[in-house]
Amino acid sequence: MYYMKGSWRTINIESLRMFCLVVDEKSISKAAQTSYVSQPSVTRQIRAIEDFYGLPLFERKENKLTVTEAGRNLYPIAKSIINQFNSSIETMKRMNEENQFTLPVGSSLRVGEYIMPKLLGEFKKKYPEAQLSLKIGDTKKIIDCLSQDLFQIAIVEGEFDHKGFQTEVLTEDELILIVGPEHPWRLRDMIDFPEVLNEQIVRRIANSEFRVRVEKELKKHNLLEKISSYIELETTQAIKTAVEYGLGISFVSRMAVEKELETGRLIEVKINNVKITRPIHIVLKEHRFSHLGTEKFVEMVKAMPRYN
């Protein structure tokens with residue numbers, strides 16, 4: 001929109017296209033016939049351009065339509081604008097076709113390590129032409145990246161600010177109590193929560209979202225302040241190894257220890273009346289345009305029995 005002669009006026013690409021067609025055909029009626037529109041419609045578009053620029057573009061001499069000096073000067077510029085516009089359409093079309101089956105995804109740490117490889121592998125089998133990329137970080141960082149359009153979809157665990165996003169719970173991640181294969185609790189079906197105070201707890205470093213969630217549950221049962229023996233480690237792998245070799249007990253994500261539970265390297269111990277879970281969300285930023293790769297990925301994930 002441009003400001004001309006004391007009022008707001010607009011000019012659109014179709015009006016410029018019609019102007020050029022009238023010049024080419026040397027006739028408003030022929031331009032109307034070629035475009036399958038009415039003659040008055042063509043006249044209105046020409047007048048709209050003349051009003052916009054404040055100059056006549058055509059004049060009639062002896063019942064013949066001729067182009068004015070203003071019209072002759074505008075014609076090559078209008079042609080260039082139309083050509084550039086057509087070029088932009090073709091460029092964007094090609095980019096859209098090339099990008100439709102890209103799939104940039106963001107995920108939080110445990111989802112990225114234990115779930116995303118399988119999901120992306122299944123997606124690649126189904127759509128071999130897809131170009132995949134995965135960015136992994138803590139939930140806050142991934143949500144920040146999503147808000148900056150670094151990707152269109154994220155799968156994250158834990159809590160975050162949902163404002164400005166489309167979110168849906170994909171599944172839940174359960175935090176379970178694990179012990180080593182020689183621990184006495186391996187023979188028990190269930191323990192009472194206060195019994196953890198008798199053991200050395202292997203836990204994540206401070207300010208970990210994972211640790212915060214576990215401590216919230218301990219606090220709810222008035223146990224947090226009573227813990228006296230613990231080891232702090234930085235990674236889930238280090239925690240699993242420590243527990244396996246008898247250095248203590250720990251709370252970990254079930255999806256992080258599936259293989260160890262299957263092989264018996266670690267043992268899950270149930271806690272009476274305690275279940276600690278965290279939601280895993282599919283998060284999308286609202287976009288004006290749909291994205292085929294993202295749509296197909298969401299469709300596939302929702303159809304997988306494990307994640308329903």
# chains A, B, ... in the order shown; residues from 1 in each chain; ligands from 1
>>> residues_around(residues="segment 157-171 of chain A", least_positions_apart="6", cutoff="6 Å", atoms="only C-alpha atoms", output="PyMOL selection string")
chain A and resi 278-285+307
>>> write_last_selection(atoms="N, CA, C and O atoms", output="PDB file, in the first residue's frame")
ATOM      1  N   ARG A 278       5.980 -38.177  33.745  1.00  0.00           N
ATOM      2  CA  ARG A 278       6.120 -36.872  33.080  1.00  0.00           C
ATOM      3  C   ARG A 278       5.519 -36.996  31.694  1.00  0.00           C
ATOM      4  O   ARG A 278       5.730 -38.007  31.010  1.00  0.00           O
ATOM      5  N   PRO A 279       4.765 -35.995  31.251  1.00  0.00           N
ATOM      6  CA  PRO A 279       4.205 -36.066  29.902  1.00  0.00           C
ATOM      7  C   PRO A 279       5.271 -35.837  28.842  1.00  0.00           C
ATOM      8  O   PRO A 279       6.225 -35.087  29.051  1.00  0.00           O
ATOM      9  N   ILE A 280       5.126 -36.516  27.723  1.00  0.00           N
ATOM     10  CA  ILE A 280       5.936 -36.245  26.541  1.00  0.00           C
ATOM     11  C   ILE A 280       5.010 -35.608  25.519  1.00  0.00           C
ATOM     12  O   ILE A 280       3.981 -36.189  25.150  1.00  0.00           O
ATOM     13  N   HIS A 281       5.350 -34.403  25.096  1.00  0.00           N
ATOM     14  CA  HIS A 281       4.477 -33.621  24.230  1.00  0.00           C
ATOM     15  C   HIS A 281       4.991 -33.560  22.789  1.00  0.00           C
ATOM     16  O   HIS A 281       6.203 -33.465  22.561  1.00  0.00           O
ATOM     17  N   ILE A 282       4.070 -33.599  21.854  1.00  0.00           N
ATOM     18  CA  ILE A 282       4.334 -33.125  20.498  1.00  0.00           C
ATOM     19  C   ILE A 282       4.010 -31.636  20.511  1.00  0.00           C
ATOM     20  O   ILE A 282       2.930 -31.230  20.957  1.00  0.00           O
ATOM     21  N   VAL A 283       4.941 -30.827  20.057  1.00  0.00           N
ATOM     22  CA  VAL A 283       4.756 -29.372  20.079  1.00  0.00           C
ATOM     23  C   VAL A 283       4.939 -28.817  18.677  1.00  0.00           C
ATOM     24  O   VAL A 283       5.937 -29.100  18.012  1.00  0.00           O
ATOM     25  N   LEU A 284       3.965 -28.042  18.250  1.00  0.00           N
ATOM     26  CA  LEU A 284       4.016 -27.419  16.931  1.00  0.00           C
ATOM     27  C   LEU A 284       3.836 -25.916  17.081  1.00  0.00           C
ATOM     28  O   LEU A 284       3.042 -25.459  17.911  1.00  0.00           O
ATOM     29  N   LYS A 285       4.562 -25.164  16.279  1.00  0.00           N
ATOM     30  CA  LYS A 285       4.321 -23.729  16.216  1.00  0.00           C
ATOM     31  C   LYS A 285       3.343 -23.468  15.084  1.00  0.00           C
ATOM     32  O   LYS A 285       3.464 -24.032  14.006  1.00  0.00           O
ATOM     33  N   TYR A 307       2.842 -45.368  21.277  1.00  0.00           N
ATOM     34  CA  TYR A 307       2.746 -43.955  21.647  1.00  0.00           C
ATOM     35  C   TYR A 307       1.312 -43.457  21.694  1.00  0.00           C
ATOM     36  O   TYR A 307       1.076 -42.269  21.755  1.00  0.00           O
TER      37      TYR A 307
END
>>> residues_around(residues="Arg47 of chain A", least_positions_apart="6", cutoff="10 Å", atoms="only C-alpha atoms", output="number ranges by chain")
A: 15, 19, 41, 53-58
>>> atom_distance(atom1="atom CA of Phe85 of chain A", atom2="atom CA of Ser147 of chain A")
29.8 Å
>>> atom_distance(atom1="atom CA of Asp138 of chain A", atom2="atom CA of Ser108 of chain A")
5.0 Å
>>> residues_around(residues="Lys79 of chain A", least_positions_apart="2", cutoff="10 Å", atoms="only C-alpha atoms", output="PyMOL selection string")
chain A and resi 16-17+19-21+74-77+81-85
>>> residues_around(residues="Val111 of chain A", least_positions_apart="5", cutoff="10 Å", atoms="only C-alpha atoms", output="PyMOL selection string")
chain A and resi 106+116-117+136-137+139+155-157+173+255-256+280
>>> write_last_selection(atoms="N, CA and C atoms", output="PDB file, in the first residue's frame")
ATOM      1  N   GLY A 106      13.150 -31.081  16.629  1.00  0.00           N
ATOM      2  CA  GLY A 106      13.861 -30.833  17.875  1.00  0.00           C
ATOM      3  C   GLY A 106      13.337 -31.767  18.949  1.00  0.00           C
ATOM      4  N   MET A 116      13.716 -40.829  19.597  1.00  0.00           N
ATOM      5  CA  MET A 116      13.781 -40.263  18.254  1.00  0.00           C
ATOM      6  C   MET A 116      14.504 -41.140  17.235  1.00  0.00           C
ATOM      7  N   PRO A 117      15.600 -41.830  17.585  1.00  0.00           N
ATOM      8  CA  PRO A 117      16.240 -42.673  16.567  1.00  0.00           C
ATOM      9  C   PRO A 117      15.271 -43.695  15.970  1.00  0.00           C
ATOM     10  N   ILE A 136      19.031 -31.799  19.494  1.00  0.00           N
ATOM     11  CA  ILE A 136      18.741 -32.286  20.838  1.00  0.00           C
ATOM     12  C   ILE A 136      19.245 -31.279  21.868  1.00  0.00           C
ATOM     13  N   GLY A 137      18.445 -31.037  22.889  1.00  0.00           N
ATOM     14  CA  GLY A 137      18.835 -30.136  23.968  1.00  0.00           C
ATOM     15  C   GLY A 137      17.852 -30.254  25.109  1.00  0.00           C
ATOM     16  N   THR A 139      14.672 -29.193  27.442  1.00  0.00           N
ATOM     17  CA  THR A 139      13.339 -28.821  26.964  1.00  0.00           C
ATOM     18  C   THR A 139      13.228 -27.325  26.704  1.00  0.00           C
ATOM     19  N   ILE A 155       9.514 -32.716  20.032  1.00  0.00           N
ATOM     20  CA  ILE A 155       8.967 -33.705  20.955  1.00  0.00           C
ATOM     21  C   ILE A 155       9.794 -33.615  22.225  1.00  0.00           C
ATOM     22  N   VAL A 156       9.136 -33.212  23.309  1.00  0.00           N
ATOM     23  CA  VAL A 156       9.866 -32.923  24.546  1.00  0.00           C
ATOM     24  C   VAL A 156       9.154 -33.531  25.745  1.00  0.00           C
ATOM     25  N   GLU A 157       9.940 -33.814  26.779  1.00  0.00           N
ATOM     26  CA  GLU A 157       9.361 -34.290  28.027  1.00  0.00           C
ATOM     27  C   GLU A 157       9.361 -33.167  29.046  1.00  0.00           C
ATOM     28  N   ASP A 173       6.248 -40.528  30.169  1.00  0.00           N
ATOM     29  CA  ASP A 173       7.508 -41.155  30.550  1.00  0.00           C
ATOM     30  C   ASP A 173       7.431 -41.433  32.048  1.00  0.00           C
ATOM     31  N   MET A 255      12.296 -45.285  29.735  1.00  0.00           N
ATOM     32  CA  MET A 255      12.767 -45.449  28.362  1.00  0.00           C
ATOM     33  C   MET A 255      14.291 -45.465  28.282  1.00  0.00           C
ATOM     34  N   ALA A 256      14.969 -44.995  29.360  1.00  0.00           N
ATOM     35  CA  ALA A 256      16.432 -44.984  29.354  1.00  0.00           C
ATOM     36  C   ALA A 256      17.030 -46.317  29.776  1.00  0.00           C
ATOM     37  N   ILE A 280       5.126 -36.516  27.723  1.00  0.00           N
ATOM     38  CA  ILE A 280       5.936 -36.245  26.541  1.00  0.00           C
ATOM     39  C   ILE A 280       5.010 -35.608  25.519  1.00  0.00           C
TER      40      ILE A 280
END
>>> residues_around(residues="Thr34 of chain A", least_positions_apart="3", cutoff="10 Å", atoms="only C-alpha atoms", output="list in words")
Leu21, Val22, Glu25, Ile28, Ser29, Lys30, Ala31 and Val37 of chain A
>>> residues_around(residues="Lys220 of chain A", least_positions_apart="3", cutoff="12 Å", atoms="only C-alpha atoms", output="ChimeraX atom specification")
/A:193-194,213-217,223-225,274,276
>>> atom_distance(atom1="atom CA of Asp192 of chain A", atom2="atom CA of Ile231 of chain A")
21.6 Å
>>> select_by_dssp(residues="segment 50-139 of chain A", states="alpha helix (DSSP H)", output="PyMOL selection string")
chain A and resi 50-53+69-99+109-114+116-126+139
>>> write_last_selection(atoms="C-alpha atoms", output="PDB file, in the first residue's frame")
ATOM      1  CA  GLU A  50      -4.306   6.068 -13.452  1.00  0.00           C
ATOM      2  CA  ASP A  51      -5.758   7.201 -10.119  1.00  0.00           C
ATOM      3  CA  PHE A  52      -2.820   5.668  -8.295  1.00  0.00           C
ATOM      4  CA  TYR A  53      -0.193   7.474 -10.356  1.00  0.00           C
ATOM      5  CA  GLU A  69       3.906   9.187 -22.618  1.00  0.00           C
ATOM      6  CA  ALA A  70       3.214   8.147 -19.012  1.00  0.00           C
ATOM      7  CA  GLY A  71       1.892   4.818 -20.271  1.00  0.00           C
ATOM      8  CA  ARG A  72       4.953   4.255 -22.472  1.00  0.00           C
ATOM      9  CA  ASN A  73       7.249   4.894 -19.526  1.00  0.00           C
ATOM     10  CA  LEU A  74       5.238   2.675 -17.199  1.00  0.00           C
ATOM     11  CA  TYR A  75       4.975  -0.270 -19.623  1.00  0.00           C
ATOM     12  CA  PRO A  76       8.567  -1.665 -19.372  1.00  0.00           C
ATOM     13  CA  ILE A  77       8.560  -1.143 -15.609  1.00  0.00           C
ATOM     14  CA  ALA A  78       5.211  -2.938 -15.254  1.00  0.00           C
ATOM     15  CA  LYS A  79       6.482  -5.756 -17.468  1.00  0.00           C
ATOM     16  CA  SER A  80       9.562  -6.114 -15.282  1.00  0.00           C
ATOM     17  CA  ILE A  81       7.437  -6.183 -12.117  1.00  0.00           C
ATOM     18  CA  ILE A  82       5.199  -8.882 -13.617  1.00  0.00           C
ATOM     19  CA  ASN A  83       8.192 -10.947 -14.735  1.00  0.00           C
ATOM     20  CA  GLN A  84       9.803 -10.652 -11.318  1.00  0.00           C
ATOM     21  CA  PHE A  85       6.537 -11.644  -9.669  1.00  0.00           C
ATOM     22  CA  ASN A  86       6.186 -14.689 -11.945  1.00  0.00           C
ATOM     23  CA  SER A  87       9.792 -15.575 -11.202  1.00  0.00           C
ATOM     24  CA  SER A  88       9.096 -15.357  -7.466  1.00  0.00           C
ATOM     25  CA  ILE A  89       6.197 -17.788  -7.851  1.00  0.00           C
ATOM     26  CA  GLU A  90       8.350 -20.309  -9.684  1.00  0.00           C
ATOM     27  CA  THR A  91      11.200 -19.936  -7.181  1.00  0.00           C
ATOM     28  CA  MET A  92       8.920 -20.415  -4.196  1.00  0.00           C
ATOM     29  CA  LYS A  93       7.224 -23.345  -5.898  1.00  0.00           C
ATOM     30  CA  ARG A  94      10.564 -25.071  -6.423  1.00  0.00           C
ATOM     31  CA  MET A  95      11.624 -24.369  -2.853  1.00  0.00           C
ATOM     32  CA  ASN A  96       8.327 -25.681  -1.553  1.00  0.00           C
ATOM     33  CA  GLU A  97       8.691 -28.874  -3.575  1.00  0.00           C
ATOM     34  CA  GLU A  98      12.257 -29.328  -2.342  1.00  0.00           C
ATOM     35  CA  ASN A  99      11.426 -28.559   1.301  1.00  0.00           C
ATOM     36  CA  LEU A 109      17.562 -35.028  25.829  1.00  0.00           C
ATOM     37  CA  ARG A 110      16.074 -38.399  26.775  1.00  0.00           C
ATOM     38  CA  VAL A 111      13.521 -38.318  23.964  1.00  0.00           C
ATOM     39  CA  GLY A 112      16.323 -37.537  21.520  1.00  0.00           C
ATOM     40  CA  GLU A 113      18.528 -40.306  22.837  1.00  0.00           C
ATOM     41  CA  TYR A 114      16.019 -43.101  23.343  1.00  0.00           C
ATOM     42  CA  MET A 116      13.781 -40.263  18.254  1.00  0.00           C
ATOM     43  CA  PRO A 117      16.240 -42.673  16.567  1.00  0.00           C
ATOM     44  CA  LYS A 118      13.486 -45.272  16.322  1.00  0.00           C
ATOM     45  CA  LEU A 119      10.849 -42.761  15.170  1.00  0.00           C
ATOM     46  CA  LEU A 120      13.105 -41.225  12.542  1.00  0.00           C
ATOM     47  CA  GLY A 121      14.201 -44.667  11.397  1.00  0.00           C
ATOM     48  CA  GLU A 122      10.583 -45.725  10.886  1.00  0.00           C
ATOM     49  CA  PHE A 123       9.860 -42.481   9.065  1.00  0.00           C
ATOM     50  CA  LYS A 124      12.839 -42.967   6.739  1.00  0.00           C
ATOM     51  CA  LYS A 125      11.668 -46.490   5.897  1.00  0.00           C
ATOM     52  CA  LYS A 126       8.242 -45.159   5.021  1.00  0.00           C
ATOM     53  CA  THR A 139      13.339 -28.821  26.964  1.00  0.00           C
TER      54      THR A 139
END
>>> closest_residue(among="A:Ala48, A:Ala32, A:Leu247, A:Val252", to="Ser229 of chain A", atoms="only C-alpha atoms")
A:Leu247
>>> select_by_dssp(residues="segment 52-160 of chain A", states="strand (DSSP E)", output="PyMOL selection string")
chain A and resi 58-61+64-67+102-107+131-136+153-157
>>> write_last_selection(atoms="N, CA, C and O atoms", output="compact mmCIF listing (two decimals), in the first residue's frame")
# COMPACT_ATOMS: atom_id res chain seq x y z
N PHE A 58 -3.77 6.16 -21.24
CA PHE A 58 -4.26 5.99 -22.61
C PHE A 58 -5.10 7.21 -22.98
O PHE A 58 -5.63 7.91 -22.13
N GLU A 59 -5.19 7.40 -24.26
CA GLU A 59 -6.11 8.42 -24.76
C GLU A 59 -6.65 7.95 -26.12
O GLU A 59 -6.05 7.10 -26.79
N ARG A 60 -7.83 8.43 -26.47
CA ARG A 60 -8.44 8.05 -27.75
C ARG A 60 -8.27 9.18 -28.76
O ARG A 60 -8.59 10.32 -28.48
N LYS A 61 -7.77 8.81 -29.91
CA LYS A 61 -7.63 9.74 -31.02
C LYS A 61 -8.22 9.09 -32.26
O LYS A 61 -7.77 8.02 -32.68
N LYS A 64 -9.27 5.57 -31.91
CA LYS A 64 -8.15 4.64 -31.76
C LYS A 64 -7.49 4.86 -30.41
O LYS A 64 -7.21 6.00 -30.02
N LEU A 65 -7.27 3.75 -29.68
CA LEU A 65 -6.65 3.82 -28.36
C LEU A 65 -5.14 3.95 -28.50
O LEU A 65 -4.50 3.12 -29.15
N THR A 66 -4.59 4.98 -27.91
CA THR A 66 -3.14 5.16 -27.97
C THR A 66 -2.58 5.30 -26.56
O THR A 66 -3.27 5.72 -25.63
N VAL A 67 -1.33 4.95 -26.43
CA VAL A 67 -0.67 5.01 -25.13
C VAL A 67 -0.04 6.38 -24.96
O VAL A 67 0.64 6.89 -25.85
N THR A 102 11.50 -32.31 3.71
CA THR A 102 12.52 -32.20 4.74
C THR A 102 11.80 -32.40 6.07
O THR A 102 10.60 -32.17 6.18
N LEU A 103 12.54 -32.85 7.07
CA LEU A 103 11.93 -33.02 8.38
C LEU A 103 12.93 -32.61 9.46
O LEU A 103 13.61 -33.45 10.05
N PRO A 104 13.04 -31.31 9.73
CA PRO A 104 13.86 -30.87 10.86
C PRO A 104 13.04 -31.00 12.15
O PRO A 104 11.92 -30.51 12.23
N VAL A 105 13.60 -31.68 13.14
CA VAL A 105 12.90 -31.95 14.40
C VAL A 105 13.78 -31.55 15.56
O VAL A 105 15.00 -31.67 15.51
N GLY A 106 13.15 -31.08 16.63
CA GLY A 106 13.86 -30.83 17.88
C GLY A 106 13.34 -31.77 18.95
O GLY A 106 12.16 -32.11 18.95
N SER A 107 14.20 -32.19 19.86
CA SER A 107 13.72 -33.04 20.95
C SER A 107 14.55 -32.80 22.20
O SER A 107 15.71 -32.39 22.13
N GLN A 131 14.46 -35.87 3.91
CA GLN A 131 15.74 -35.40 4.42
C GLN A 131 15.55 -35.06 5.90
O GLN A 131 14.78 -34.15 6.24
N LEU A 132 16.23 -35.78 6.79
CA LEU A 132 15.99 -35.67 8.22
C LEU A 132 17.11 -34.91 8.93
O LEU A 132 18.27 -35.00 8.54
N SER A 133 16.72 -34.17 9.97
CA SER A 133 17.72 -33.56 10.85
C SER A 133 17.11 -33.48 12.25
O SER A 133 15.91 -33.28 12.41
N LEU A 134 17.95 -33.65 13.26
CA LEU A 134 17.48 -33.69 14.65
C LEU A 134 18.38 -32.83 15.52
O LEU A 134 19.60 -33.00 15.53
N LYS A 135 17.77 -31.92 16.26
CA LYS A 135 18.50 -31.10 17.23
C LYS A 135 18.06 -31.53 18.62
O LYS A 135 16.87 -31.62 18.91
N ILE A 136 19.03 -31.80 19.49
CA ILE A 136 18.74 -32.29 20.84
C ILE A 136 19.25 -31.28 21.87
O ILE A 136 20.34 -30.73 21.74
N ILE A 153 8.55 -28.72 14.43
CA ILE A 153 7.98 -29.68 15.37
C ILE A 153 9.03 -30.07 16.40
O ILE A 153 10.21 -30.16 16.09
N ALA A 154 8.57 -30.26 17.63
CA ALA A 154 9.46 -30.72 18.69
C ALA A 154 8.74 -31.79 19.49
O ALA A 154 7.51 -31.77 19.61
N ILE A 155 9.51 -32.72 20.03
CA ILE A 155 8.97 -33.70 20.95
C ILE A 155 9.79 -33.62 22.23
O ILE A 155 11.00 -33.86 22.21
N VAL A 156 9.14 -33.21 23.31
CA VAL A 156 9.87 -32.92 24.55
C VAL A 156 9.15 -33.53 25.74
O VAL A 156 7.94 -33.72 25.74
N GLU A 157 9.94 -33.81 26.78
CA GLU A 157 9.36 -34.29 28.03
C GLU A 157 9.36 -33.17 29.05
O GLU A 157 10.09 -32.19 28.91
>>> closest_residue(among="A:Leu150, A:Ile205, A:Leu266, A:Val42", to="His183 of chain A", atoms="only C-alpha atoms")
A:Leu266
>>> decode(residues="segment 192-203 of chain A", atoms="all heavy atoms", output="PDB file, in the first residue's frame")
ATOM      1  N   ASP A 192       7.963 -50.030  50.378  1.00  0.00           N
ATOM      2  CA  ASP A 192       7.316 -48.799  50.821  1.00  0.00           C
ATOM      3  C   ASP A 192       8.280 -47.637  50.588  1.00  0.00           C
ATOM      4  O   ASP A 192       9.510 -47.795  50.755  1.00  0.00           O
ATOM      5  CB  ASP A 192       6.936 -48.891  52.294  1.00  0.00           C
ATOM      6  CG  ASP A 192       5.844 -49.927  52.548  1.00  0.00           C
ATOM      7  OD1 ASP A 192       4.925 -50.023  51.705  1.00  0.00           O
ATOM      8  OD2 ASP A 192       5.929 -50.648  53.559  1.00  0.00           O
ATOM      9  N   PHE A 193       7.763 -46.499  50.225  1.00  0.00           N
ATOM     10  CA  PHE A 193       8.600 -45.370  49.847  1.00  0.00           C
ATOM     11  C   PHE A 193       9.641 -44.997  50.912  1.00  0.00           C
ATOM     12  O   PHE A 193      10.802 -44.721  50.587  1.00  0.00           O
ATOM     13  CB  PHE A 193       7.724 -44.167  49.501  1.00  0.00           C
ATOM     14  CG  PHE A 193       8.337 -43.253  48.465  1.00  0.00           C
ATOM     15  CD1 PHE A 193       9.530 -43.558  47.813  1.00  0.00           C
ATOM     16  CD2 PHE A 193       7.715 -42.052  48.134  1.00  0.00           C
ATOM     17  CE1 PHE A 193      10.085 -42.719  46.863  1.00  0.00           C
ATOM     18  CE2 PHE A 193       8.258 -41.198  47.183  1.00  0.00           C
ATOM     19  CZ  PHE A 193       9.444 -41.527  46.551  1.00  0.00           C
ATOM     20  N   PRO A 194       9.301 -44.964  52.215  1.00  0.00           N
ATOM     21  CA  PRO A 194      10.307 -44.578  53.218  1.00  0.00           C
ATOM     22  C   PRO A 194      11.534 -45.473  53.254  1.00  0.00           C
ATOM     23  O   PRO A 194      12.586 -45.063  53.774  1.00  0.00           O
ATOM     24  CB  PRO A 194       9.520 -44.669  54.538  1.00  0.00           C
ATOM     25  CG  PRO A 194       8.094 -44.444  54.148  1.00  0.00           C
ATOM     26  CD  PRO A 194       7.961 -45.120  52.814  1.00  0.00           C
ATOM     27  N   GLU A 195      11.448 -46.657  52.682  1.00  0.00           N
ATOM     28  CA  GLU A 195      12.592 -47.568  52.693  1.00  0.00           C
ATOM     29  C   GLU A 195      13.777 -47.040  51.890  1.00  0.00           C
ATOM     30  O   GLU A 195      14.925 -47.466  52.091  1.00  0.00           O
ATOM     31  CB  GLU A 195      12.184 -48.942  52.170  1.00  0.00           C
ATOM     32  CG  GLU A 195      11.246 -49.707  53.095  1.00  0.00           C
ATOM     33  CD  GLU A 195      10.955 -51.111  52.595  1.00  0.00           C
ATOM     34  OE1 GLU A 195      11.864 -51.972  52.664  1.00  0.00           O
ATOM     35  OE2 GLU A 195       9.831 -51.344  52.109  1.00  0.00           O
ATOM     36  N   VAL A 196      13.528 -46.108  50.986  1.00  0.00           N
ATOM     37  CA  VAL A 196      14.643 -45.566  50.187  1.00  0.00           C
ATOM     38  C   VAL A 196      15.637 -44.813  51.063  1.00  0.00           C
ATOM     39  O   VAL A 196      16.803 -44.628  50.676  1.00  0.00           O
ATOM     40  CB  VAL A 196      14.134 -44.645  49.046  1.00  0.00           C
ATOM     41  CG1 VAL A 196      13.191 -45.396  48.123  1.00  0.00           C
ATOM     42  CG2 VAL A 196      13.467 -43.390  49.588  1.00  0.00           C
ATOM     43  N   LEU A 197      15.188 -44.376  52.259  1.00  0.00           N
ATOM     44  CA  LEU A 197      16.075 -43.640  53.153  1.00  0.00           C
ATOM     45  C   LEU A 197      17.191 -44.518  53.695  1.00  0.00           C
ATOM     46  O   LEU A 197      18.220 -44.016  54.180  1.00  0.00           O
ATOM     47  CB  LEU A 197      15.267 -43.055  54.322  1.00  0.00           C
ATOM     48  CG  LEU A 197      14.166 -42.050  53.952  1.00  0.00           C
ATOM     49  CD1 LEU A 197      13.425 -41.600  55.207  1.00  0.00           C
ATOM     50  CD2 LEU A 197      14.754 -40.841  53.233  1.00  0.00           C
ATOM     51  N   ASN A 198      17.009 -45.833  53.617  1.00  0.00           N
ATOM     52  CA  ASN A 198      18.019 -46.763  54.124  1.00  0.00           C
ATOM     53  C   ASN A 198      19.108 -47.054  53.094  1.00  0.00           C
ATOM     54  O   ASN A 198      20.061 -47.784  53.385  1.00  0.00           O
ATOM     55  CB  ASN A 198      17.356 -48.078  54.539  1.00  0.00           C
ATOM     56  CG  ASN A 198      16.299 -47.876  55.616  1.00  0.00           C
ATOM     57  OD1 ASN A 198      16.466 -47.023  56.492  1.00  0.00           O
ATOM     58  ND2 ASN A 198      15.218 -48.641  55.549  1.00  0.00           N
ATOM     59  N   GLU A 199      18.965 -46.501  51.903  1.00  0.00           N
ATOM     60  CA  GLU A 199      19.892 -46.792  50.810  1.00  0.00           C
ATOM     61  C   GLU A 199      20.638 -45.536  50.377  1.00  0.00           C
ATOM     62  O   GLU A 199      20.189 -44.404  50.592  1.00  0.00           O
ATOM     63  CB  GLU A 199      19.122 -47.351  49.612  1.00  0.00           C
ATOM     64  CG  GLU A 199      18.335 -48.611  49.918  1.00  0.00           C
ATOM     65  CD  GLU A 199      19.225 -49.805  50.201  1.00  0.00           C
ATOM     66  OE1 GLU A 199      20.285 -49.916  49.547  1.00  0.00           O
ATOM     67  OE2 GLU A 199      18.860 -50.630  51.058  1.00  0.00           O
ATOM     68  N   GLN A 200      21.772 -45.731  49.731  1.00  0.00           N
ATOM     69  CA  GLN A 200      22.465 -44.605  49.103  1.00  0.00           C
ATOM     70  C   GLN A 200      21.797 -44.323  47.762  1.00  0.00           C
ATOM     71  O   GLN A 200      21.637 -45.219  46.932  1.00  0.00           O
ATOM     72  CB  GLN A 200      23.946 -44.920  48.897  1.00  0.00           C
ATOM     73  CG  GLN A 200      24.707 -43.792  48.211  1.00  0.00           C
ATOM     74  CD  GLN A 200      26.196 -43.914  48.377  1.00  0.00           C
ATOM     75  OE1 GLN A 200      26.783 -43.390  49.327  1.00  0.00           O
ATOM     76  NE2 GLN A 200      26.831 -44.635  47.465  1.00  0.00           N
ATOM     77  N   ILE A 201      21.418 -43.066  47.551  1.00  0.00           N
ATOM     78  CA  ILE A 201      20.696 -42.695  46.334  1.00  0.00           C
ATOM     79  C   ILE A 201      21.673 -42.085  45.330  1.00  0.00           C
ATOM     80  O   ILE A 201      22.439 -41.170  45.665  1.00  0.00           O
ATOM     81  CB  ILE A 201      19.555 -41.709  46.644  1.00  0.00           C
ATOM     82  CG1 ILE A 201      18.504 -42.411  47.521  1.00  0.00           C
ATOM     83  CG2 ILE A 201      18.922 -41.196  45.348  1.00  0.00           C
ATOM     84  CD1 ILE A 201      17.348 -41.525  47.923  1.00  0.00           C
ATOM     85  N   VAL A 202      21.647 -42.607  44.140  1.00  0.00           N
ATOM     86  CA  VAL A 202      22.445 -42.043  43.045  1.00  0.00           C
ATOM     87  C   VAL A 202      21.537 -41.098  42.270  1.00  0.00           C
ATOM     88  O   VAL A 202      20.515 -41.515  41.727  1.00  0.00           O
ATOM     89  CB  VAL A 202      22.965 -43.151  42.110  1.00  0.00           C
ATOM     90  CG1 VAL A 202      23.867 -42.544  41.038  1.00  0.00           C
ATOM     91  CG2 VAL A 202      23.713 -44.219  42.899  1.00  0.00           C
ATOM     92  N   ARG A 203      21.886 -39.825  42.248  1.00  0.00           N
ATOM     93  CA  ARG A 203      20.980 -38.843  41.650  1.00  0.00           C
ATOM     94  C   ARG A 203      21.688 -37.915  40.679  1.00  0.00           C
ATOM     95  O   ARG A 203      22.922 -37.832  40.668  1.00  0.00           O
ATOM     96  CB  ARG A 203      20.290 -38.030  42.742  1.00  0.00           C
ATOM     97  CG  ARG A 203      21.210 -37.136  43.554  1.00  0.00           C
ATOM     98  CD  ARG A 203      20.457 -36.491  44.704  1.00  0.00           C
ATOM     99  NE  ARG A 203      21.271 -35.500  45.410  1.00  0.00           N
ATOM    100  CZ  ARG A 203      20.890 -34.849  46.510  1.00  0.00           C
ATOM    101  NH1 ARG A 203      19.684 -35.108  47.027  1.00  0.00           N
ATOM    102  NH2 ARG A 203      21.678 -33.963  47.083  1.00  0.00           N
TER     103      ARG A 203
END
